[in-house]
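Have a look at the structure below before the remarks.
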Number of protein chains: 2
Amino acid sequence: MFIELDFQSETPIYEQLKTEIIVGIASGQLTPGERLPSVRQMASDIGINLHTVNKAYTQLKEEGYLLIHRQRGVVVNPEGPEAMTKERQAQLRQILRPLIADSLCRQMTEKELTTFIQSIYDELKEDRSK
Amino acid sequence: MFIELDFQSETPIYEQLKTEIIVGIASGQLTPGERLPSVRQMASDIGINLHTVNKAYTQLKEEGYLLIHRQRGVVVNPEGPEAMTKERQAQLRQILRPLIADSLCRQMTEKELTTFIQSIYDELKEDRSK
DNA sequence: ATCATGTTATACTACAAATATAACAGTTAA
DNA sequence: TTAACTGTTATATTTGTAGTATAACATGAT
């Protein structure tokens with residue numbers, strides 16, 4: 001598993017780490033039941049503090065992405081997170097609204113936008129067959 | 001112009017204010033050349049500090065959304081921001097990737113996603129005819 | 001002149017991110 | 001049993017950003 005972080009970025013490291021793992025799961029690079037490095041191992045691999053890793057792991061556990069057994073360590077949850085709810089959809093709408101508004105102001109058409117979304121979607125599912 | 005802010009939200013006030021204005025422009029509720037309240041007026045209207053408003057205005061000016069004349073005050077730029085570039089598109093991809101990955105993990109299909117995007121798009125353009 | 005405009009400077013509080021140590025409890029393997 | 005490794009918790013510190021509070025300046029309008 002390749003974790004690529006941008007330490008110059010303004011987005012927090014633990015957020016970036018969460019994103020990397022979620023994308024890894026979505027793309028199939030991380031398989032259900034697969035074990036992740038321990039908080040200390042991952043921390044030393046990336047060169048960050050163990051608490052930062054722990055924060056990412058803990059939140060991903062709360063969101064249903066990971067399972068944390070005392071014995072087996074950190075594992076990708078075969079069940080996965082709960083299906084998209086209406087509340088979460090409304091929340092997603094709040095995030096997407098300004099992004100789409102900005103794209104609209106920059107003369108991006110609806111077609112360009114949907115094909116753009118589609119390309120990201122395909123890029124994620126592409127790795128699933130590998 | 002109705003500015004609705006959520007002071008309980010974790011997203012900064014100036015970010016929310018920027019979003020409100022961009023959405024306002026995209027939806028046509030704010031027309032090209034239209035004047036916005038002064039930093040002090042807007043601040044007292046919403047009940048926040050003038051520097052917070054100034055931060056939002058200044059950044060929107062740098063992004064090409066607003067013009068700031070010494071005489072006429074703050075005005076919606078008729079030219080609008082620059083058209084979508086490849087750099088900005090790559091940046092947008094970085095933002096959307098984790099969101100789509102999450103939606104994918106929650107068993108949202110590509111069709112559901114595009115229709116969802118479309119509904120937000122339509123919602124914005126809807127107000128344009130009013 | 002007076003007032004309102006954007007602009008700048010300074011200082012302060014509050015909070016989150018990230019790191020640094022340290023310790024605890026339980027599991028695993030030598 | 002001992003040693004090493006898990007996740008977990010606690011505490012403290014540093015750093016940067018958000019937001020507020022005053023204050024002042026230069027410019028343009030009435």
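In the structure tokens, each chain is lettered A, B, ... as it comes, each chain's residues begin at 1, and ligands are numbered from 1 in order of appearance.
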
Inset, instruction - Quick one: everything within 12 Å of DA23 in chain C, counting only C-alpha atoms (C1' of nucleotides), minus sequence neighbours fewer than 5 positions away in the same chain. Send it as number ranges by chain. - result: D: 8-11

Residues from last step as file, N, CA and C atoms (P, O5', C5', C4', C3', O3' and C1' of nucleotides), as a PDB file, in the first residue's frame:
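New file selection-v1.pdb:
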ATOM      1  P    DT D   8      -7.745   1.119  19.894  1.00  0.00           P
ATOM      2  O5'  DT D   8      -7.239   1.696  21.288  1.00  0.00           O
ATOM      3  C5'  DT D   8      -7.323   0.893  22.445  1.00  0.00           C
ATOM      4  C4'  DT D   8      -6.939   1.698  23.680  1.00  0.00           C
ATOM      5  C3'  DT D   8      -7.397   3.168  23.654  1.00  0.00           C
ATOM      6  O3'  DT D   8      -8.292   3.396  24.735  1.00  0.00           O
ATOM      7  C1'  DT D   8      -5.139   2.974  24.361  1.00  0.00           C
ATOM      8  P    DT D   9      -9.084   4.771  24.829  1.00  0.00           P
ATOM      9  O5'  DT D   9      -8.207   5.547  25.917  1.00  0.00           O
ATOM     10  C5'  DT D   9      -7.755   4.852  27.075  1.00  0.00           C
ATOM     11  C4'  DT D   9      -6.772   5.705  27.841  1.00  0.00           C
ATOM     12  C3'  DT D   9      -7.107   7.206  27.867  1.00  0.00           C
ATOM     13  O3'  DT D   9      -7.398   7.592  29.206  1.00  0.00           O
ATOM     14  C1'  DT D   9      -4.795   6.820  27.427  1.00  0.00           C
ATOM     15  P    DA D  10      -7.862   9.097  29.513  1.00  0.00           P
ATOM     16  O5'  DA D  10      -6.483   9.778  29.901  1.00  0.00           O
ATOM     17  C5'  DA D  10      -5.614   9.146  30.838  1.00  0.00           C
ATOM     18  C4'  DA D  10      -4.381  10.002  31.062  1.00  0.00           C
ATOM     19  C3'  DA D  10      -4.652  11.510  30.993  1.00  0.00           C
ATOM     20  O3'  DA D  10      -4.253  12.129  32.198  1.00  0.00           O
ATOM     21  C1'  DA D  10      -2.801  10.904  29.608  1.00  0.00           C
ATOM     22  P    DT D  11      -4.590  13.691  32.432  1.00  0.00           P
ATOM     23  O5'  DT D  11      -3.221  14.426  32.083  1.00  0.00           O
ATOM     24  C5'  DT D  11      -1.989  13.825  32.476  1.00  0.00           C
ATOM     25  C4'  DT D  11      -0.827  14.566  31.853  1.00  0.00           C
ATOM     26  C3'  DT D  11      -1.056  16.067  31.655  1.00  0.00           C
ATOM     27  O3'  DT D  11      -0.073  16.800  32.361  1.00  0.00           O
ATOM     28  C1'  DT D  11      -0.177  15.085  29.684  1.00  0.00           C
TER      29       DT D  11
END

Legend entry - Spatial neighbours of DA4 in chain C, max dist 12 Å, only C-alpha atoms (C1' of nucleotides), sep filter under 3 positions, as a list in words: Pro37, Ser38, Val39, Arg40, Gln41, Arg70, Gln71, Arg72 and Gly73 of chain B; DT27, DG28, DA29 and DT30 of chain D

Residues just named, written with C-alpha atoms (C1' of nucleotides) as a PDB file, in the first residue's frame:
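Listed below is the output, part28.pdb:
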ATOM      1  CA  PRO B  37     -22.807  45.905   1.373  1.00  0.00           C
ATOM      2  CA  SER B  38     -19.634  47.498   2.726  1.00  0.00           C
ATOM      3  CA  VAL B  39     -17.421  45.429   4.970  1.00  0.00           C
ATOM      4  CA  ARG B  40     -18.734  47.280   7.999  1.00  0.00           C
ATOM      5  CA  GLN B  41     -22.358  47.073   6.915  1.00  0.00           C
ATOM      6  CA  ARG B  70     -12.482  53.029  -4.167  1.00  0.00           C
ATOM      7  CA  GLN B  71     -15.534  54.899  -5.356  1.00  0.00           C
ATOM      8  CA  ARG B  72     -18.238  52.367  -6.016  1.00  0.00           C
ATOM      9  CA  GLY B  73     -17.357  49.991  -3.230  1.00  0.00           C
TER      10      GLY B  73
ATOM     11  C1'  DT D  27      -9.613  58.523  -0.580  1.00  0.00           C
ATOM     12  C1'  DG D  28     -14.007  59.778  -2.471  1.00  0.00           C
ATOM     13  C1'  DA D  29     -18.934  61.533  -1.922  1.00  0.00           C
ATOM     14  C1'  DT D  30     -22.346  64.630   0.014  1.00  0.00           C
TER      15       DT D  30
END

Inset, instruction - Give the residues of chain A that lie within 10 Å of chain B; count only C-alpha atoms, and format the answer as a PyMOL selection string. - result: chain A and resi 16+18-27+65+80-85+88-89+92-111+113-125

Written file, previous selection with N, CA and C atoms, as a short mmCIF file (atom, residue, chain, number, x, y, z; two decimals), in the first residue's frame:
data_model
loop_
_atom_site.label_atom_id
_atom_site.label_comp_id
_atom_site.auth_asym_id
_atom_site.auth_seq_id
_atom_site.Cartn_x
_atom_site.Cartn_y
_atom_site.Cartn_z
N GLN A 16 -5.52 13.46 5.19
CA GLN A 16 -4.92 12.90 3.98
C GLN A 16 -4.77 11.39 4.11
N LYS A 18 -6.55 9.38 6.03
CA LYS A 18 -7.89 8.81 5.93
C LYS A 18 -8.30 8.67 4.46
N THR A 19 -8.08 9.73 3.72
CA THR A 19 -8.44 9.74 2.30
C THR A 19 -7.72 8.63 1.54
N GLU A 20 -6.43 8.50 1.79
CA GLU A 20 -5.63 7.47 1.11
C GLU A 20 -6.19 6.08 1.36
N ILE A 21 -6.58 5.84 2.61
CA ILE A 21 -7.11 4.53 2.97
C ILE A 21 -8.48 4.29 2.35
N ILE A 22 -9.33 5.31 2.40
CA ILE A 22 -10.68 5.17 1.83
C ILE A 22 -10.59 4.94 0.33
N VAL A 23 -9.72 5.71 -0.34
CA VAL A 23 -9.53 5.51 -1.78
C VAL A 23 -8.96 4.12 -2.04
N GLY A 24 -8.06 3.69 -1.17
CA GLY A 24 -7.48 2.34 -1.31
C GLY A 24 -8.54 1.26 -1.22
N ILE A 25 -9.48 1.45 -0.30
CA ILE A 25 -10.57 0.47 -0.15
C ILE A 25 -11.52 0.53 -1.36
N ALA A 26 -11.85 1.74 -1.74
CA ALA A 26 -12.79 1.92 -2.86
C ALA A 26 -12.21 1.34 -4.15
N SER A 27 -10.91 1.50 -4.32
CA SER A 27 -10.28 1.05 -5.57
C SER A 27 -9.90 -0.43 -5.52
N TYR A 65 -15.11 1.79 8.48
CA TYR A 65 -14.17 1.34 7.47
C TYR A 65 -13.20 0.30 8.01
N GLY A 80 -17.81 -3.08 5.64
CA GLY A 80 -17.74 -1.73 5.09
C GLY A 80 -18.64 -0.77 5.85
N PRO A 81 -18.61 0.51 5.51
CA PRO A 81 -19.42 1.52 6.21
C PRO A 81 -20.89 1.34 5.86
N GLU A 82 -21.75 1.96 6.61
CA GLU A 82 -23.19 1.87 6.33
C GLU A 82 -23.50 2.52 4.99
N ALA A 83 -24.56 2.03 4.36
CA ALA A 83 -24.95 2.56 3.05
C ALA A 83 -25.32 4.04 3.17
N MET A 84 -25.26 4.71 2.05
CA MET A 84 -25.55 6.15 2.00
C MET A 84 -26.95 6.46 2.53
N THR A 85 -27.00 7.32 3.55
CA THR A 85 -28.29 7.70 4.11
C THR A 85 -28.71 9.06 3.56
N ARG A 88 -26.61 11.81 5.15
CA ARG A 88 -25.27 11.91 4.59
C ARG A 88 -25.33 12.52 3.19
N GLN A 89 -26.39 12.22 2.50
CA GLN A 89 -26.57 12.77 1.16
C GLN A 89 -26.76 14.29 1.23
N LEU A 92 -23.44 15.75 1.90
CA LEU A 92 -22.63 15.75 0.68
C LEU A 92 -23.05 16.89 -0.24
N ARG A 93 -24.34 17.16 -0.24
CA ARG A 93 -24.87 18.25 -1.06
C ARG A 93 -24.28 19.59 -0.62
N GLN A 94 -24.15 19.76 0.68
CA GLN A 94 -23.58 21.00 1.21
C GLN A 94 -22.13 21.19 0.78
N ILE A 95 -21.43 20.09 0.64
CA ILE A 95 -20.02 20.16 0.22
C ILE A 95 -19.92 20.42 -1.28
N LEU A 96 -20.79 19.75 -2.04
CA LEU A 96 -20.70 19.85 -3.50
C LEU A 96 -21.26 21.16 -4.05
N ARG A 97 -22.23 21.72 -3.37
CA ARG A 97 -22.90 22.93 -3.87
C ARG A 97 -21.94 24.04 -4.23
N PRO A 98 -21.06 24.46 -3.33
CA PRO A 98 -20.12 25.54 -3.69
C PRO A 98 -19.14 25.13 -4.79
N LEU A 99 -18.75 23.86 -4.82
CA LEU A 99 -17.82 23.40 -5.85
C LEU A 99 -18.46 23.46 -7.22
N ILE A 100 -19.71 23.05 -7.28
CA ILE A 100 -20.44 23.08 -8.55
C ILE A 100 -20.74 24.53 -8.95
N ALA A 101 -21.08 25.34 -7.96
CA ALA A 101 -21.35 26.76 -8.23
C ALA A 101 -20.11 27.42 -8.84
N ASP A 102 -18.97 27.11 -8.28
CA ASP A 102 -17.72 27.67 -8.80
C ASP A 102 -17.46 27.20 -10.23
N SER A 103 -17.67 25.92 -10.46
CA SER A 103 -17.48 25.37 -11.81
C SER A 103 -18.45 26.02 -12.79
N LEU A 104 -19.66 26.29 -12.32
CA LEU A 104 -20.66 26.93 -13.17
C LEU A 104 -20.22 28.33 -13.56
N CYS A 105 -19.69 29.06 -12.58
CA CYS A 105 -19.21 30.42 -12.84
C CYS A 105 -18.04 30.41 -13.81
N ARG A 106 -17.33 29.31 -13.85
CA ARG A 106 -16.18 29.20 -14.76
C ARG A 106 -16.58 28.53 -16.06
N GLN A 107 -17.85 28.64 -16.36
CA GLN A 107 -18.40 28.22 -17.66
C GLN A 107 -18.21 26.74 -17.97
N MET A 108 -18.23 25.93 -16.92
CA MET A 108 -18.19 24.50 -17.14
C MET A 108 -19.63 24.05 -17.38
N THR A 109 -19.83 23.28 -18.43
CA THR A 109 -21.19 22.83 -18.73
C THR A 109 -21.55 21.62 -17.88
N GLU A 110 -22.83 21.32 -17.87
CA GLU A 110 -23.30 20.19 -17.09
C GLU A 110 -22.71 18.89 -17.65
N LYS A 111 -22.60 18.84 -18.94
CA LYS A 111 -22.06 17.64 -19.59
C LYS A 111 -20.59 17.45 -19.21
N LEU A 113 -19.17 18.47 -16.64
CA LEU A 113 -19.09 18.12 -15.22
C LEU A 113 -19.38 16.63 -14.99
N THR A 114 -20.42 16.13 -15.60
CA THR A 114 -20.79 14.72 -15.40
C THR A 114 -19.74 13.78 -15.98
N THR A 115 -19.18 14.14 -17.14
CA THR A 115 -18.13 13.29 -17.70
C THR A 115 -16.88 13.34 -16.83
N PHE A 116 -16.67 14.49 -16.23
CA PHE A 116 -15.54 14.65 -15.32
C PHE A 116 -15.71 13.74 -14.10
N ILE A 117 -16.89 13.79 -13.53
CA ILE A 117 -17.22 12.92 -12.39
C ILE A 117 -17.05 11.46 -12.78
N GLN A 118 -17.56 11.16 -13.96
CA GLN A 118 -17.50 9.79 -14.45
C GLN A 118 -16.06 9.29 -14.59
N SER A 119 -15.18 10.18 -15.03
CA SER A 119 -13.78 9.79 -15.22
C SER A 119 -13.13 9.45 -13.89
N ILE A 120 -13.50 10.19 -12.85
CA ILE A 120 -12.97 9.89 -11.51
C ILE A 120 -13.52 8.56 -11.02
N TYR A 121 -14.81 8.37 -11.26
CA TYR A 121 -15.47 7.13 -10.86
C TYR A 121 -14.81 5.93 -11.53
N ASP A 122 -14.59 6.05 -12.83
CA ASP A 122 -13.98 4.97 -13.59
C ASP A 122 -12.55 4.70 -13.13
N GLU A 123 -11.84 5.77 -12.84
CA GLU A 123 -10.46 5.64 -12.39
C GLU A 123 -10.37 4.81 -11.12
N LEU A 124 -11.37 4.97 -10.26
CA LEU A 124 -11.39 4.23 -9.00
C LEU A 124 -11.73 2.76 -9.23
N LYS A 125 -12.72 2.52 -10.08
CA LYS A 125 -13.15 1.14 -10.31
C LYS A 125 -12.17 0.38 -11.19
#

Skip DA21 in chain D itself and residues of its chain fewer than 4 positions away, then list as a PDB file with C-alpha atoms (C1' of nucleotides), in the first residue's frame all residues within 12 Å of it, counting only C-alpha atoms (C1' of nucleotides).
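Saved file out_33.pdb follows:
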ATOM      1  CA  ILE B  48     -19.413  39.436  12.931  1.00  0.00           C
ATOM      2  CA  ASN B  49     -16.178  41.387  12.759  1.00  0.00           C
ATOM      3  CA  LEU B  50     -15.318  43.553   9.765  1.00  0.00           C
ATOM      4  CA  HIS B  51     -12.007  41.778   9.277  1.00  0.00           C
TER       5      HIS B  51
ATOM      6  C1'  DT C  10      -1.331  45.500  16.142  1.00  0.00           C
ATOM      7  C1'  DA C  11      -2.738  42.652  19.880  1.00  0.00           C
ATOM      8  C1'  DC C  12      -5.318  39.212  21.968  1.00  0.00           C
ATOM      9  C1'  DT C  13      -8.109  34.899  22.755  1.00  0.00           C
TER      10       DT C  13
END

If you take only C-alpha atoms (C1' of nucleotides) and a cut-off of 12 Å, which residues of chain D touch chain A, and what are their nearest atom pairs and distances in Å to one decimal, in chain and number order, as a tab-separated table?
residue	atom	partner	partner_atom	distance
D:DC5	C1'	A:Ser38	CA	9.5
D:DT6	C1'	A:Gly73	CA	6.5
D:DG7	C1'	A:Arg70	CA	6.4
D:DT8	C1'	A:Asn54	CA	9.5
D:DT9	C1'	A:His51	CA	11.0
D:DG16	C1'	A:Glu10	CA	10.4
D:DT17	C1'	A:Glu10	CA	10.5

Legend entry - 7 Å contacts from chain C to chain A using only C-alpha atoms (C1' of nucleotides), as an MDAnalysis selection string: chainID C and resid 17 19 27

Inset, instruction - Name the residues of range 63-111 of chain A that come out as helix (DSSP H, G or I) in a backbone DSSP run; write them as a ChimeraX atom specification. - result: /A:86-105,110-111
